[in-house]
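Below is one structure, written out as structure tokens; the observations come after it.
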Amino acid sequence: MEIVSRAAAAAVVGSILALLLRKYTPELSLTLSLVTGVVIVWISATVASRITDLLRRLAENGALESIYVSPVMKCVGIGMITQLASQVCRDAQQGSVASAVELCGTLCALYVSMPLIDALLTTVEKLL
Amino acid sequence: MDVDALEQALPPEAEEYMPDTSPSGFDLKGTLEALVQPVSERLRQALSAAMKTAGVLLMVCVMIALANTLDSSGSTPQYILFSGVAAIGAAALEDFDSFLNLGVGSLRSMADYSRVLLPVLASAAAAAGSVGGAAAKYGATAFFMNLLTEAADKVIVPGVCAYAALSIADGAVGNQALKTAKKLVKSVCGLLLTVLCMAFTAWLALSGVVSDSADALTARMAKTAVSTALPVVGGILSDAAGTLAAAAGALRSSIGVYGVAAVLCVCIGPFIALGTRYLLFKISAALCGCVSDKRLSTLVEDLSSCFGMILALNGTAALMMFMSIYSLIRTVV
């Protein structure tokens with residue numbers, strides 16, 4: 001509850017300040033938006049680290065196989081970072097940069113998923 | 001009538017549960033009681049393995065659901081969905097070929113054992129007076145077991161593999177043509193098994209009715225003829241023949257019970273392994289449907305159906321064997 005309250009408070013305060021600054025210095029407003037987003041992600045990091053610790057423990061105990069779960073976790077992380085960065089770029093009216101970030105995120109996610117795709121293709125080849 | 005051949009030809013899967021048993025003096029109750037502990041152990045191991053895989057599938061779906069929050073419209077970026085499909089496909093089908101071999105191996109064991117069991121059982125049934133009926137039922141079972149084995153090799157097993165591949169492709173791409181192809185493959189496999197089972201049941205029932213009536217009539221006519229032809233001895237001879245037939249009937253029953261126990265022991269391992277996977281994946285699909293993208297829950301359900309189809313193949317073979325053995329035991333002349 002405390003973490004969500006802190007994140008919500010930071011988001012509301014940052015948004016209001018960014019809105020006020022936009023009229024005078026749009027560049028500072030954008031920077032403030034970016035900093036607010038980073039602060040919120042940093043606040044959420046404690047929760048994320050507990051979740052990843054749990055998953056790591058489950059993988060060590062053999063309850064979950066990390067070979068399958070770990071690439072998906074990385075993809076989700078890449079997706080989050082990509083989405084945040086591309087939104088900031090769009091807020092700055094830089095659509096092309098946003099698209100480039102999304103393309104980079106897609107390629108990185110596919111790269112991280114390569115072991116899964118390879119394992120899947122091997123299994124499907126055996127079946128067919 | 002080589003009854004010892006039944007013991008010698010016992011498949012290794014059945015020998016594990018029925019060591020040093022023979023049809024004469026076979027204790028079904030004792031065998032079933034002895035089965036409880038190893039079957040429970042096997043069930044525990046199968047559940048543990050299936051739950052690990054189901055846990056992975058559920059965790060992947062939960063993470064994909066979390067990624068849904070990235071976009072304000074609630075749709076997951078395609079590359080994340082793609083990686084989820086790859087993870088689910090790789091985790092669910094990791095040992096799929098071993099399950100396929102388990103299912104097909106069990107079918108072949110039942111088919112091979114039926115080639116030893118049914119002639120012996122048919123001979124015992126013929127000695128008990130059901131000459132025509134035994135031959136007709138043995139012929140029907142042998143024909144349909146061969147047909148089922150051929151269908152498994154040429155249609156069902158390739159169909160299951162194709163279904164698995166199409167399900168993964170549909171999960172990754174979400175194409176209507178793939179959905180249609182997937183449904184078609186599943187329908188063909190299901191329909192084939194249903195038709196085989198129904199045709200076998202109908203043939204067995206019809207041939208049994210006709211030939212059992214003929215055998216009963218033949219036996220009564222023979223008894224009457226013998227009693228009439230030989231004034232004093234005839235009656236004693238026909239009574240003695242009846243006693244011999246009854247003894248053969250008792251032997252037929254014990255062979256039949258032994259056969260039922262052997263078939264049960266052969267198919268129980270695959271049933272446990274495939275059944276636990278099928279059920280747990282179905283439950284995972286239902287849970288995934290609550291939290292995640294529909295394509296992922298449909299994929300998990302489709303992969304559970306793959307295990308279900310192999311289970312159905314085994315079930316059909318076991319059902320045909322049980323029906324055949326029961327009809328041969330049941331014949332009363």
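Identifiers in this document derive from the order of the structure tokens: chains are assigned A, B, ..., residues are numbered from 1 separately in each chain, and ligands are numbered from 1 in order of occurrence.
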Who sits within 12 Å of Leu191 (chain B), only C-alpha atoms, same chain under 5 positions skipped, as a list in words
Ala151, Val155, Ile156, Lys183, Leu184, Val185, Lys186, Leu196, Cys197, Met198, Ala199, Met309, Ala312 and Leu313 of chain B
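Contact shell of Pro71 (chain A) at 8 Å (only C-alpha atoms; same-chain neighbours under 5 positions omitted): Val112, Ser113 and Leu116 of chain A; Ser83 of chain B.
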Using only C-alpha atoms, find each residue of chain A with at least one atom at most 7 Å away from an atom of chain B; report its shortest atom-to-atom pair and that distance in Å (one decimal), sort the rows by chain and rising residue number, and return the result as CSV.
residue,atom,partner,partner_atom,distance
A:Ala63,CA,B:Lys52,CA,5.6
A:Leu64,CA,B:Val56,CA,5.7
A:Glu65,CA,B:Val56,CA,6.8
A:Tyr68,CA,B:Ala87,CA,5.3
A:Val69,CA,B:Val60,CA,6.3
A:Val72,CA,B:Ser83,CA,6.1
A:Met73,CA,B:Met63,CA,6.9
A:Cys75,CA,B:Ile80,CA,5.9
A:Val76,CA,B:Ala67,CA,5.8
A:Met80,CA,B:Leu70,CA,6.3
A:Gln83,CA,B:Leu70,CA,6.6
A:Thr106,CA,B:Tyr79,CA,6.1
A:Ala109,CA,B:Tyr79,CA,6.7
A:Leu110,CA,B:Tyr79,CA,6.9
A:Ser113,CA,B:Ser83,CA,5.8
A:Leu116,CA,B:Ala86,CA,5.7
A:Ile117,CA,B:Ala86,CA,5.6
A:Ala119,CA,B:Ala90,CA,6.0
A:Leu120,CA,B:Ala90,CA,4.7
A:Thr123,CA,B:Leu93,CA,6.8
A:Val124,CA,B:Ala165,CA,6.2
A:Leu127,CA,B:Cys161,CA,5.4
A:Leu128,CA,B:Cys161,CA,6.3
Now that the selection is made, can you save its residues with C-alpha atoms as a compact mmCIF listing (two decimals), in the first residue's frame?
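What follows is the written file selection.txt:
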# COMPACT_ATOMS: atom_id res chain seq x y z
CA ALA A 63 9.18 -25.95 -8.86
CA LEU A 64 9.55 -23.70 -11.92
CA GLU A 65 11.95 -24.21 -14.74
CA TYR A 68 11.21 -21.11 -19.78
CA VAL A 69 10.25 -18.39 -17.31
CA VAL A 72 9.65 -14.25 -20.74
CA MET A 73 10.52 -12.15 -17.68
CA CYS A 75 10.88 -9.82 -22.54
CA VAL A 76 8.37 -8.23 -20.19
CA MET A 80 8.25 -2.03 -20.06
CA GLN A 83 7.17 1.46 -23.76
CA THR A 106 11.38 -5.74 -30.46
CA ALA A 109 13.03 -9.21 -27.06
CA LEU A 110 13.37 -11.57 -30.00
CA SER A 113 13.56 -15.34 -26.78
CA LEU A 116 12.87 -20.64 -26.43
CA ILE A 117 12.27 -20.39 -30.17
CA ALA A 119 13.83 -25.29 -28.24
CA LEU A 120 10.35 -25.01 -29.73
CA THR A 123 10.48 -30.02 -30.62
CA VAL A 124 8.24 -29.28 -33.60
CA LEU A 127 7.11 -34.12 -34.08
CA LEU A 128 6.89 -33.53 -37.79
List the spatial neighbours of Leu84 (chain A) as a PyMOL selection string - criterion: any atom at most 12 Å away, only C-alpha atoms, same-chain residues fewer than 2 positions off excluded.
(chain A and resi 33-38+40-41+77-82+86-91+98+101-102+105) or (chain B and resi 69-72)
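Here CA of Ser297 (chain B) stands at a distance of 4.9 Å from CA of Ala285 (chain B).
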Show me, as a count of residues only, the residues that have an atom within 12 Å of Tyr326 (chain B) when counting only C-alpha atoms, minus same-chain residues fewer than 2 positions from it.
32
List the spatial neighbours of Ile3 (chain A) as a PyMOL selection string - criterion: any atom at most 9 Å away, only C-alpha atoms, same-chain residues fewer than 2 positions off excluded.
chain A and resi 1+5-8+43-44+46-47
Any chance you can output those residues with C-alpha atoms as a compact mmCIF listing (two decimals), in the first residue's frame?
# COMPACT_ATOMS: atom_id res chain seq x y z
CA MET A 1 0.00 0.00 0.00
CA SER A 5 0.79 5.55 -2.40
CA ARG A 6 4.32 6.89 -2.90
CA ALA A 7 4.25 6.12 -6.62
CA ALA A 8 0.80 7.71 -7.05
CA ILE A 43 10.01 2.99 -6.17
CA SER A 44 8.51 -0.12 -7.83
CA THR A 46 11.66 -3.11 -4.42
CA VAL A 47 8.44 -4.92 -5.28
Shortest interatomic distance to Leu32 (chain A) - which of A:Ala45, A:Ile67, A:Ala85, A:Ile16, counting only C-alpha atoms
A:Ile16
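For the set B:Ile268, B:Ala169, B:Met110, B:Cys290, the residue with the smallest atom-to-atom gap to Leu121 (chain A) is B:Ala169, counting only C-alpha atoms.
By chain and then residue number, the residues within 7 Å of Leu280 (chain B) are Ala50, Met51, Ala54, Thr276, Arg277, Ile283 and Ser284 of chain B, counting only C-alpha atoms and disregarding those fewer than 3 positions away in sequence.
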Kindly export the residues of the current selection with C-alpha atoms, as a compact mmCIF listing (two decimals), in the first residue's frame.
# COMPACT_ATOMS: atom_id res chain seq x y z
CA ALA B 50 2.65 -32.33 -14.61
CA MET B 51 2.19 -29.70 -11.90
CA ALA B 54 1.41 -26.47 -15.49
CA THR B 276 -2.63 -36.19 -15.31
CA ARG B 277 -1.11 -34.02 -18.06
CA ILE B 283 -7.12 -26.57 -15.31
CA SER B 284 -4.19 -24.32 -16.27
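Picture a line from CA of Val188 (chain B) to CA of Cys267 (chain B); it runs 23.8 Å.
Between CA of Ile310 (chain B) and CA of Phe271 (chain B) there is a distance of 9.5 Å.
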